[in-house]
Structure formats: C-alpha cells, structure tokens
Amino acid sequence: MLGVREPDLRCVFQHSADDLYTPWFARKRGGGRRPIREPARELMKIQSAICDLLSESFIPGPAVCGYARGRGIIHAARPHVGARLLLGFDYDDFFESIRPDNVAGALGRYLPSHTLNAKLALIRLCFFEDRLPQGSPCSGILSNLACIRVDKRLAHLAIEYECEFTRYGDDHFFSTTRPRFPAEIVHLLPSGTCALGTAVTEAIRASDFAVNGRKTRLLGQHQQMRLLGMVVNTRLNLPRTYTNSLGRAIFTIERFGPCVAHQRLRISPKKSIENVVKGRLAHFGHVVGKTDPRYLRFKDRLDRALDSSDAS
C-alpha cells in the first residue's frame with residue numbers, strides 16, 4: 001500500500017509509541033520552547049510514504065500555503081502586499097488539538113480505495129497518544145485535512161467581505177484595502193486591542209479549534225506589517241534587521257576571512273559558515289527577488305569574498 005516492506009510495518013507496530021519517538025524542544029521565534037517528537041528512522045520512512053500518498057490525491061484550497069506542494073511563505077504573503085490593514089491570528093496548541101476523528105472522514109474521501117482497516121492503520125502510524133506529533137513528516141498534510149471545513153468557511157468570509165485570506169500552518173491572515181475591517185471579521189476593544197468578529201470565531205469554533213487570543217494582532221499601513229518574518233507594506237520585503245545582519249555577515253567574511261568570521265558570527269562549529277550565509281542570502285533573494293539590486297550586490301560581494309579566501 002505504501003511501498004514499504006511488510007516486515008518494516010510489522011516491526012513498527014510491535015513497538016510502543018514511546019519507543020518510536022525521540023522528544024526534544026525547539027526554540028520558538030518569540031520565546032519559549034516547542035515540544036518536538038522525532039520519529040524513529042523506520043517510522044519516519046513510513047510516514048514520508050503516507051505523506052506522498054496523500055499529496056497525490058489531496059490538494060488544499062488556494063488559501064492554504066503551508067504543507068502543500070508548490071506553495072510556501074511567499075504564496076501566503078503575496079496577496080496581502082499593499083493592504084491598508086492586516087489581521088493575524090493563531091490557533092491554540094494547533095497540532096496537539098487535532099485528533100484522529102478530525103481526519104478520519106477526510107481520509108475516507110481522499111483514499112476511497114483503501115479499506116477501513118488500512119485507514120485505521122494509517123491513523124495509528126501518524127498519531128502519538130491520539131495527537132498529531134510535531135516532527136512527523138505527515139503531520140502537516142494531516143493538519144490540512146483537519147482544516148478543510150474551517151478553511152472553506154474562512155475563505156468564504158473573505159470573499160463575502162472583500163478581504164484577502166491565507167493560512168500557513170496555524171498562522172492565519174486577513175487583509176483589506178479598506179479603511180477598516182467589517183466587524184464580522186475583527187473589531188477594536190475599548191482597551192485598544194482587537195478581537196475577532198463573530199463570523200470568524202463561529203467558523204473556528206464549529207471546527208473544534210480555539211484561537212490563541214494573545215497572538216491576535218491588527219496592523220495598519222503606518223506600522224511595519226509583518227507576516228511570517230516578511231514585510232508586506234508596499235512590496236514583499238524582509239525587515240531591515242535581517243538585511244543589516246546579512247550585510248554584517250558578508251562584511252565580516254570580507255574583512256577577516258571565513259575561519260575568523262565563523263567565530264565572530266558565533267556560528268555553530270557543526271555548520272559551515274559558507275552554507276549558513278549562502279542560505280541566508282538565498283532566503284533574501286527568494287523574498288525580494290533575484291533581480292533586486294540589493295540581492296545582486298550581496299551575492300557579488302559574497303562570491304568575491306569566498307573566491308578570495310579559496311585563492312589564498
């Protein structure tokens with residue numbers, strides 16, 4: 001069924017869930033730690049095959065930009081460029097709030113040729129203690145299956161109220177070119193903060209998700225409108241802090257060479273400074289465009305600095 005040998009499947013089913021995952025914590029961008037459960041090698045292989053299987057039959061709605069083939073953060077950000085107002089909100093404990101019942105029906109629709117026992121086996125292989133584990137290669141696409149209904153409702157609201165809507169994982173974004181959002185989408189509170197409108201909250205509640213109120217934010221065009229680490233005020237861009245940091249890294253390599261720069265920039269000894277800085281530059285070019293003069297200058301300087309160090 002999955003292109004996986006039967007002995008490998010049998011081996012996985014013979015182990016307890018605790019033996020199949022290695023827990024560790026990843027740092028969150030805004031502080032705190034995110035629990036990760038990394039599957040064992042045998043299980044990782046099977047979960048990757050499940051992800052491939054589902055990707056062949058399930059294509060998320062156009063507003064869904066995460067864990068979808070051919071889409072990414074650029075697709076999530078581009079519709080909001082030039083908006084007057086940007087609304088962002090997250091779900092509480094997104095992956096952990098998704099249970100087998102949330103995806104069972106969707107699996108029936110998108111894998112109609114598979115038996116009930118096969119679908120139950122898929123669920124057993126993908127969930128840890130009846131929750132989606134962060135760290136599994138198929139948790140992303142399963143989360144999209146769990147969000148089919150709420151995605152459709154939120155996308156319909158965006159059309160009804162002439163807004164733009166995209167979702168990347170549990171990061172949701174509405175934007176408008178009007179002076180204010182309809183109250184059904186979001187409204188201001190006397191305290192100066194904002195709260196989601198009844199139309200949005202009812203759509204989310206009906207799908208058994210809960211909004212993380214602490215992360216709901218409403219930004220105007222006179223502020224830096226950040227979305228997934230990018231800025232969308234007038235064009236797709238990166239914050240000045242990112243650009244300055246990239247420029248400093250390249251200057252340090254130019255001035256001191258890669259070996260000394262590796263220490264000065266406090267890059268992990270396990271990582272290559274060339275790969276790290278090239279990766280940052282690639283992300284910069286991905287966001288602003290490979291024809292942007294800033295990208296071309298950075299690339300020329302980095303290439304020259306690395307070529308000079310190789311020659312010496």
# chains A, B, ... in the order shown; residues from 1 in each chain; ligands from 1
>>> closest_atom_pairs(of="segment 53-161 of chain A", to="segment 193-203 of chain A", cutoff="7 Å", atoms="only C-alpha atoms", output="JSON lines")
{"residue": "A:Val150", "atom": "CA", "partner": "A:Ala203", "partner_atom": "CA", "distance": 6.1}
{"residue": "A:Arg153", "atom": "CA", "partner": "A:Ala203", "partner_atom": "CA", "distance": 6.1}
{"residue": "A:Leu154", "atom": "CA", "partner": "A:Val200", "partner_atom": "CA", "distance": 6.8}
>>> residues_around(residues="segment 92-101 of chain A", least_positions_apart="5", cutoff="9 Å", atoms="only C-alpha atoms", output="VMD selection string")
chain A and resid 123 to 124 127 130 to 134 139 to 140 142 to 143 146 169 to 170 208 to 213
>>> residues_around(residues="Trp24 of chain A", least_positions_apart="2", cutoff="10 Å", atoms="only C-alpha atoms", output="compact mmCIF listing (two decimals) with all heavy atoms, in the first residue's frame")
# COMPACT_ATOMS: atom_id res chain seq x y z
N TYR A 21 9.39 7.47 19.15
CA TYR A 21 9.62 8.91 19.04
C TYR A 21 10.69 9.36 20.03
O TYR A 21 10.74 8.88 21.17
CB TYR A 21 8.34 9.69 19.32
CG TYR A 21 7.27 9.55 18.26
CD1 TYR A 21 6.31 8.55 18.35
CD2 TYR A 21 7.23 10.40 17.16
CE1 TYR A 21 5.33 8.42 17.37
CE2 TYR A 21 6.26 10.28 16.19
CZ TYR A 21 5.31 9.28 16.30
OH TYR A 21 4.34 9.16 15.34
N THR A 22 11.52 10.29 19.59
CA THR A 22 12.51 10.93 20.46
C THR A 22 12.04 12.35 20.76
O THR A 22 11.93 13.16 19.83
CB THR A 22 13.89 10.97 19.79
OG1 THR A 22 14.31 9.64 19.48
CG2 THR A 22 14.91 11.65 20.71
N ALA A 26 12.32 22.64 20.59
CA ALA A 26 12.85 23.65 19.66
C ALA A 26 12.50 25.03 20.18
O ALA A 26 11.43 25.23 20.77
CB ALA A 26 12.24 23.44 18.27
N ARG A 33 9.57 27.39 24.28
CA ARG A 33 10.03 26.18 23.62
C ARG A 33 8.85 25.40 23.05
O ARG A 33 7.76 25.39 23.61
CB ARG A 33 10.80 25.29 24.60
CG ARG A 33 12.02 25.96 25.21
CD ARG A 33 12.90 24.97 25.94
NE ARG A 33 12.18 24.24 26.98
CZ ARG A 33 12.68 23.19 27.63
NH1 ARG A 33 13.90 22.74 27.32
NH2 ARG A 33 11.99 22.59 28.57
N ARG A 34 9.08 24.76 21.91
CA ARG A 34 8.06 23.97 21.25
C ARG A 34 8.43 22.49 21.35
O ARG A 34 9.52 22.09 20.94
CB ARG A 34 7.94 24.38 19.78
CG ARG A 34 6.96 23.54 18.98
CD ARG A 34 6.90 23.99 17.53
NE ARG A 34 6.24 25.28 17.40
CZ ARG A 34 6.86 26.41 17.11
NH1 ARG A 34 8.17 26.42 16.94
NH2 ARG A 34 6.20 27.55 17.00
N PRO A 35 7.54 21.65 21.89
CA PRO A 35 7.86 20.22 22.01
C PRO A 35 7.85 19.53 20.64
O PRO A 35 6.91 19.67 19.88
CB PRO A 35 6.74 19.68 22.91
CG PRO A 35 5.60 20.63 22.71
CD PRO A 35 6.21 21.97 22.45
N ILE A 36 8.91 18.82 20.34
CA ILE A 36 9.04 18.08 19.10
C ILE A 36 9.17 16.59 19.43
O ILE A 36 9.85 16.22 20.39
CB ILE A 36 10.29 18.53 18.31
CG1 ILE A 36 10.26 20.04 18.04
CG2 ILE A 36 10.42 17.75 17.01
CD1 ILE A 36 9.15 20.48 17.12
N ARG A 37 8.50 15.77 18.64
CA ARG A 37 8.67 14.31 18.75
C ARG A 37 9.17 13.80 17.40
O ARG A 37 8.42 13.77 16.44
CB ARG A 37 7.37 13.65 19.16
CG ARG A 37 6.96 13.97 20.59
CD ARG A 37 5.87 13.07 21.12
NE ARG A 37 5.58 13.37 22.51
CZ ARG A 37 6.23 12.84 23.53
NH1 ARG A 37 7.19 11.97 23.31
NH2 ARG A 37 5.93 13.16 24.78
N GLU A 38 10.43 13.43 17.39
CA GLU A 38 11.06 12.99 16.14
C GLU A 38 10.88 11.49 15.97
O GLU A 38 11.28 10.70 16.83
CB GLU A 38 12.54 13.33 16.16
CG GLU A 38 13.25 13.01 14.87
CD GLU A 38 14.70 13.44 14.91
OE1 GLU A 38 15.06 14.24 15.80
OE2 GLU A 38 15.47 12.98 14.05
N GLY A 135 7.02 17.10 14.25
CA GLY A 135 8.24 16.38 13.95
C GLY A 135 8.00 15.27 12.95
O GLY A 135 8.93 14.79 12.31
>>> residues_around(residues="Leu43 of chain A", least_positions_apart="6", cutoff="8 Å", atoms="only C-alpha atoms", output="MDAnalysis selection string")
chainID A and resid 12 20 125
>>> write_last_selection(atoms="N, CA and C atoms", output="PDB file, in the first residue's frame")
ATOM      1  N   VAL A  12       7.359  -1.826  13.244  1.00  0.00           N
ATOM      2  CA  VAL A  12       6.867  -0.590  13.859  1.00  0.00           C
ATOM      3  C   VAL A  12       5.700  -0.866  14.786  1.00  0.00           C
ATOM      4  N   LEU A  20       9.031   4.808  19.661  1.00  0.00           N
ATOM      5  CA  LEU A  20       9.078   5.211  18.257  1.00  0.00           C
ATOM      6  C   LEU A  20       9.361   6.699  18.066  1.00  0.00           C
ATOM      7  N   LEU A 125      -0.373   4.985  12.662  1.00  0.00           N
ATOM      8  CA  LEU A 125       1.020   5.261  12.317  1.00  0.00           C
ATOM      9  C   LEU A 125       1.359   6.747  12.409  1.00  0.00           C
TER      10      LEU A 125
END
>>> closest_residue(among="A:Glu274, A:Asp171, A:Asp18, A:Asp300", to="Arg217 of chain A", atoms="only C-alpha atoms")
A:Asp171
>>> residues_around(residues="segment 243-247 of chain A", least_positions_apart="4", cutoff="9 Å", atoms="only C-alpha atoms", output="ChimeraX atom specification")
/A:238-239,251-252,277,280-281,284,298
>>> residues_around(residues="His172 of chain A", least_positions_apart="3", cutoff="8 Å", atoms="only C-alpha atoms", output="PyMOL selection string")
chain A and resi 88-90+165-169
>>> closest_residue(among="A:His222, A:Gly229, A:Asp292, A:Glu56", to="Thr241 of chain A", atoms="only C-alpha atoms")
A:Gly229
>>> select_by_dssp(residues="segment 27-136 of chain A", states="strand (DSSP E)", output="ChimeraX atom specification")
/A:27,33-39,85-89
>>> closest_residue(among="A:Arg69, A:Arg240, A:Arg84, A:Lys28", to="Gln221 of chain A", atoms="only C-alpha atoms")
A:Arg84
>>> select_by_dssp(residues="segment 157-249 of chain A", states="helix (DSSP H, G or I)", output="ChimeraX atom specification")
/A:157-160,198-205,213-215,240-249
>>> residues_around(residues="Tyr110 of chain A", least_positions_apart="2", cutoff="7 Å", atoms="only C-alpha atoms", output="VMD selection string")
chain A and resid 57 to 58 106 to 108 112
>>> write_last_selection(atoms="N, CA, C and O atoms", output="PDB file, in the first residue's frame")
ATOM      1  N   SER A  57      -3.412  12.725  -3.864  1.00  0.00           N
ATOM      2  CA  SER A  57      -4.871  12.766  -4.005  1.00  0.00           C
ATOM      3  C   SER A  57      -5.514  14.001  -3.377  1.00  0.00           C
ATOM      4  O   SER A  57      -6.644  14.347  -3.716  1.00  0.00           O
ATOM      5  N   PHE A  58      -4.800  14.676  -2.492  1.00  0.00           N
ATOM      6  CA  PHE A  58      -5.394  15.812  -1.779  1.00  0.00           C
ATOM      7  C   PHE A  58      -4.665  17.094  -2.127  1.00  0.00           C
ATOM      8  O   PHE A  58      -3.456  17.221  -1.914  1.00  0.00           O
ATOM      9  N   ALA A 106     -11.961  12.751   6.280  1.00  0.00           N
ATOM     10  CA  ALA A 106     -11.237  13.214   5.101  1.00  0.00           C
ATOM     11  C   ALA A 106     -10.434  12.086   4.466  1.00  0.00           C
ATOM     12  O   ALA A 106     -10.341  11.990   3.238  1.00  0.00           O
ATOM     13  N   LEU A 107      -9.875  11.214   5.287  1.00  0.00           N
ATOM     14  CA  LEU A 107      -9.143  10.070   4.736  1.00  0.00           C
ATOM     15  C   LEU A 107     -10.079   9.191   3.915  1.00  0.00           C
ATOM     16  O   LEU A 107      -9.685   8.639   2.886  1.00  0.00           O
ATOM     17  N   GLY A 108     -11.326   9.082   4.372  1.00  0.00           N
ATOM     18  CA  GLY A 108     -12.307   8.298   3.624  1.00  0.00           C
ATOM     19  C   GLY A 108     -12.590   8.889   2.252  1.00  0.00           C
ATOM     20  O   GLY A 108     -12.808   8.159   1.280  1.00  0.00           O
ATOM     21  N   PRO A 112     -10.377   6.633  -1.107  1.00  0.00           N
ATOM     22  CA  PRO A 112     -11.587   5.806  -1.170  1.00  0.00           C
ATOM     23  C   PRO A 112     -11.308   4.339  -1.469  1.00  0.00           C
ATOM     24  O   PRO A 112     -12.119   3.471  -1.139  1.00  0.00           O
TER      25      PRO A 112
END
>>> atom_distance(atom1="atom CA of Ile46 of chain A", atom2="atom CA of Ala68 of chain A")
18.9 Å
>>> closest_residue(among="A:Gly72, A:Pro258, A:Pro179, A:Gly192", to="Ala305 of chain A", atoms="only C-alpha atoms")
A:Pro258
>>> closest_residue(among="A:Leu53, A:Leu228, A:Ala121, A:Leu306", to="Asn275 of chain A", atoms="only C-alpha atoms")
A:Leu306
>>> closest_residue(among="A:Leu302, A:Ala282, A:Ile141, A:Leu157", to="Arg255 of chain A", atoms="only C-alpha atoms")
A:Leu302
